[in-house]
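Below is run_10.cif, which holds mmCIF, C-alpha atoms and all ligand atoms.
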```
data_coords
loop_
_atom_site.label_atom_id
_atom_site.label_comp_id
_atom_site.auth_asym_id
_atom_site.auth_seq_id
_atom_site.Cartn_x
_atom_site.Cartn_y
_atom_site.Cartn_z
CA ALA A 1 132.86 99.24 97.50
CA LEU A 2 130.40 99.23 100.39
CA GLU A 3 127.08 100.18 98.79
CA ARG A 4 123.39 100.41 99.47
CA THR A 5 120.67 99.25 97.12
CA PHE A 6 116.89 99.44 97.19
CA SER A 7 114.74 96.31 96.95
CA ILE A 8 111.02 95.56 96.72
CA ILE A 9 109.39 92.19 97.36
CA LYS A 10 106.40 92.60 95.03
CA PRO A 11 102.73 91.69 95.74
CA ASP A 12 102.99 88.28 94.03
CA ALA A 13 105.86 87.14 96.27
CA VAL A 14 104.24 88.56 99.43
CA ALA A 15 101.07 86.60 98.50
CA LYS A 16 103.20 83.43 98.09
CA ASN A 17 104.42 83.88 101.68
CA VAL A 18 108.10 83.88 100.74
CA ILE A 19 109.27 87.11 102.43
CA GLY A 20 111.48 85.15 104.82
CA ALA A 21 112.84 82.89 102.08
CA ILE A 22 113.84 85.96 100.06
CA TYR A 23 115.39 87.70 103.08
CA ASN A 24 117.41 84.52 103.63
CA ARG A 25 118.81 84.80 100.07
CA PHE A 26 119.93 88.39 100.76
CA GLU A 27 121.54 87.48 104.08
CA SER A 28 123.18 84.31 102.75
CA ALA A 29 124.83 86.42 100.04
CA GLY A 30 126.26 88.79 102.65
CA LEU A 31 123.77 91.63 102.18
CA ARG A 32 122.50 93.24 105.38
CA ILE A 33 118.94 94.54 105.70
CA VAL A 34 119.44 98.04 107.17
CA ALA A 35 115.85 99.28 106.70
CA SER A 36 112.59 97.43 106.03
CA LYS A 37 108.83 97.94 106.09
CA MET A 38 105.59 96.61 104.63
CA ILE A 39 103.49 99.11 102.68
CA HIS A 40 100.49 99.04 100.37
CA MET A 41 101.37 101.61 97.70
CA SER A 42 98.86 104.18 96.50
CA LYS A 43 98.44 104.71 92.76
CA GLU A 44 100.25 108.07 93.07
CA GLN A 45 103.14 106.47 94.98
CA ALA A 46 103.58 103.70 92.37
CA GLU A 47 103.29 106.14 89.44
CA GLY A 48 105.95 108.37 91.01
CA PHE A 49 108.29 105.49 91.74
CA TYR A 50 108.06 104.18 88.16
CA ALA A 51 107.92 107.64 86.49
CA GLU A 52 110.79 106.70 84.13
CA HIS A 53 108.49 104.05 82.57
CA LYS A 54 105.53 106.44 82.10
CA GLU A 55 105.57 106.21 78.28
CA ARG A 56 106.03 102.42 78.15
CA PRO A 57 103.05 100.28 77.06
CA PHE A 58 103.21 98.24 80.29
CA PHE A 59 103.03 101.28 82.62
CA GLY A 60 99.31 100.97 83.48
CA ALA A 61 99.54 97.23 84.17
CA LEU A 62 102.70 97.79 86.23
CA VAL A 63 101.01 100.39 88.47
CA ASP A 64 97.87 98.21 88.83
CA PHE A 65 100.01 95.22 89.84
CA MET A 66 102.22 97.14 92.28
CA THR A 67 99.13 98.53 94.04
CA SER A 68 97.27 95.18 94.07
CA GLY A 69 98.56 94.19 97.52
CA PRO A 70 101.20 94.87 100.15
CA VAL A 71 104.91 94.88 99.32
CA MET A 72 108.07 94.79 101.41
CA VAL A 73 110.51 97.61 100.74
CA GLN A 74 114.06 97.32 102.06
CA VAL A 75 117.51 98.84 101.93
CA LEU A 76 120.31 96.30 101.48
CA GLU A 77 123.90 97.16 102.40
CA GLY A 78 127.08 95.32 101.48
CA GLU A 79 130.03 95.03 99.12
CA ASN A 80 128.81 95.72 95.55
CA ALA A 81 125.22 95.58 96.83
CA VAL A 82 123.65 96.82 93.57
CA VAL A 83 125.17 94.13 91.34
CA LYS A 84 124.95 91.45 94.02
CA ASN A 85 121.21 92.03 94.45
CA ARG A 86 120.68 91.89 90.68
CA GLU A 87 122.54 88.57 90.57
CA ILE A 88 120.32 87.21 93.35
CA MET A 89 117.18 88.38 91.50
CA GLY A 90 118.05 87.09 88.01
CA ALA A 91 116.80 88.49 84.70
CA THR A 92 113.70 90.75 84.65
CA ASN A 93 111.82 88.13 82.63
CA PRO A 94 111.67 84.91 84.68
CA ALA A 95 111.80 82.95 81.39
CA ASP A 96 115.38 84.27 81.01
CA ALA A 97 116.36 84.05 84.69
CA ALA A 98 119.16 81.64 85.66
CA ALA A 99 118.26 78.64 87.84
CA GLY A 100 118.44 79.39 91.54
CA THR A 101 117.65 83.10 91.19
CA LEU A 102 114.61 84.73 92.84
CA ARG A 103 112.83 85.32 89.53
CA SER A 104 113.45 81.74 88.39
CA ASP A 105 112.17 80.32 91.68
CA TYR A 106 109.29 82.68 92.53
CA ALA A 107 108.18 84.72 89.47
CA ALA A 108 105.43 83.76 87.03
CA SER A 109 105.87 86.38 84.29
CA ILE A 110 107.72 89.59 83.35
CA ASP A 111 104.77 91.56 84.79
CA GLU A 112 104.59 89.63 88.07
CA ASN A 113 108.29 89.09 88.65
CA ALA A 114 108.56 88.81 92.45
CA CYS A 115 111.09 91.54 93.15
CA HIS A 116 112.65 94.85 92.13
CA GLY A 117 116.22 96.00 92.60
CA SER A 118 117.98 99.26 91.73
CA ASP A 119 120.02 99.12 88.51
CA ALA A 120 122.81 101.51 89.59
CA PRO A 121 124.10 103.31 92.71
CA GLU A 122 122.52 106.60 91.48
CA SER A 123 119.06 105.06 91.07
CA ALA A 124 119.53 103.28 94.42
CA ALA A 125 120.03 106.62 96.18
CA ARG A 126 116.92 108.07 94.53
CA GLU A 127 114.78 104.99 95.21
CA ILE A 128 115.89 104.70 98.85
CA ALA A 129 115.02 108.38 99.44
CA TYR A 130 111.62 107.85 97.78
CA PHE A 131 110.54 105.38 100.49
CA PHE A 132 112.79 105.93 103.52
CA SER A 133 113.82 108.89 105.65
CA GLU A 134 117.45 108.90 106.84
CA GLU A 135 116.34 108.11 110.41
CA GLU A 136 114.63 104.88 109.26
CA ILE A 137 117.96 103.51 107.98
CA CYS A 138 120.13 101.73 110.55
CA PRO A 139 123.72 101.19 109.38
CA ARG A 140 125.43 98.28 111.13
CA THR A 141 128.06 99.09 113.70
CA ARG A 142 128.77 95.41 114.51
P1 LIG B 201 111.07 96.37 87.77
O1 LIG B 201 112.49 96.12 88.07
O2 LIG B 201 110.16 96.53 88.95
O3 LIG B 201 110.94 97.68 86.85
C1 LIG B 201 109.86 97.88 85.98
C2 LIG B 201 109.00 96.66 85.82
O4 LIG B 201 108.16 96.65 84.67
C3 LIG B 201 109.87 95.44 85.65
O5 LIG B 201 110.49 95.15 86.88
C4 LIG B 201 108.86 94.42 85.11
O6 LIG B 201 108.20 93.71 86.15
C5 LIG B 201 107.83 95.29 84.40
N1 LIG B 201 107.82 95.06 82.95
C6 LIG B 201 106.78 94.61 82.23
N2 LIG B 201 107.09 94.53 80.92
C7 LIG B 201 108.38 94.92 80.81
C8 LIG B 201 109.29 95.04 79.71
N3 LIG B 201 108.95 94.75 78.47
N4 LIG B 201 110.55 95.48 79.98
C9 LIG B 201 110.93 95.81 81.23
N5 LIG B 201 110.10 95.72 82.32
C10 LIG B 201 108.85 95.27 82.11
#
```
So, in terms of structure tokens, how does the structure I just supplied come out?
Amino acid sequence: ALERTFSIIKPDAVAKNVIGAIYNRFESAGLRIVASKMIHMSKEQAEGFYAEHKERPFFGALVDFMTSGPVMVQVLEGENAVVKNREIMGATNPADAAAGTLRSDYAASIDENACHGSDAPESAAREIAYFFSEEEICPRTR
């Protein structure tokens, strides 16, 4: 089905200057970027985005990392976009990520793992709405 998913290029990957390389992976796989912006998240914004992880031991480090520098947030659209994006990213822990995936190529650790992608269509809808208004999203007509 034609889906949308939400993606973040995290501060480590922005610092490595690989935004374009990562966008090329999305586009080469047939995903279209239908919304995109660079932001530097506030502590409150990062805590709200990752609220489901509030009780996890890594929560504080996660929020510190995600607010340590600018990120790119984007909406990707395409056939099976949620699963396709997760295949492009590879496993959360780069040590487990298959060769040729974003985490394998660009991530240093499970904490600094280059990118985020929604895990299901329901979380995609929530995550997209957290960062984008409907008028910022530009569905392709051609
Ligand atoms: P992300 O997809 O952005 O969602 C939560 C993030 O927490 C995850 O990527 C990892 O970068 C980070 N994290 C750190 N430790 C863990 C862990 N043990 N399990 C899952 N996520 C972790």
For the atom pair atom CA of A:Asn80 and atom CA of A:Arg4, what is the interatomic distance in Å to one decimal place?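 Pair atom CA of A:Asn80 / atom CA of A:Arg4 returns 8.2 Å.
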As a PyMOL selection string, please: every protein or nucleic acid residue near ligand LIG 201 (chain B) (cut-off 6 Å, counting all atoms listed in the file). chain A and resi 58+62+92+110-113+116-117
So how many Å separate atom CA of A:Ile9 and atom CA of A:Ala35, to one decimal? 13.4 Å
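Of the residues under consideration (A:Ile22, A:Cys138, A:Val71, A:Ala1), A:Ile22 shows the shortest atom-to-atom contact distance to A:Arg103 when counting only C-alpha atoms.
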Check the smallest atom-to-atom distance from each of A:Leu102, A:Ile128, A:Ala29, A:Ile39 to A:Ala114 using only C-alpha atoms, then report the winner.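 Nearest candidate to A:Ala114 out of A:Leu102, A:Ile128, A:Ala29, A:Ile39: A:Leu102.
When all atoms listed in the file are used to measure the gap to A:Val18, the shortest distance among A:Met66, A:Val34, A:Ile137, A:Ala107 belongs to A:Ala107.
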So that I can check the surroundings of A:Phe132, please list as a ChimeraX atom specification every protein, DNA and RNA residue that reaches within 10 Å of it, counting all atoms listed in the file and ignoring chain neighbours fewer than 4 positions away. /A:6,35-37,73-75,127-128,136-137
Restricting the calculation to all atoms listed in the file, which member of A:Leu76, A:Val82, A:Ala61, A:Leu2 is positioned closest to A:Ser123?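 Going through A:Leu76, A:Val82, A:Ala61, A:Leu2 one by one, the smallest distance to A:Ser123 is for A:Val82.
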Select, from A:Ser118, A:Leu31, A:Ile88, A:Lys54, the residue with the minimum atom-to-atom distance to A:Ser104, counting all atoms listed in the file. A:Ile88
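Minimum atom-to-atom distance to A:Thr141, evaluated using all atoms listed in the file, belongs to A:Arg32 out of A:Ile19, A:Met72, A:Ala124, A:Arg32.
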Work out how far atom CA of A:Glu52 is from atom CA of A:Gly90, in Å to one decimal.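 That distance, rounded to one decimal, is 21.3 Å.
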Neighbours of A:Ala46 within 10 Å (all atoms listed in the file; same-chain residues fewer than 6 positions away dropped), as a ChimeraX atom specification? /A:40,62-67
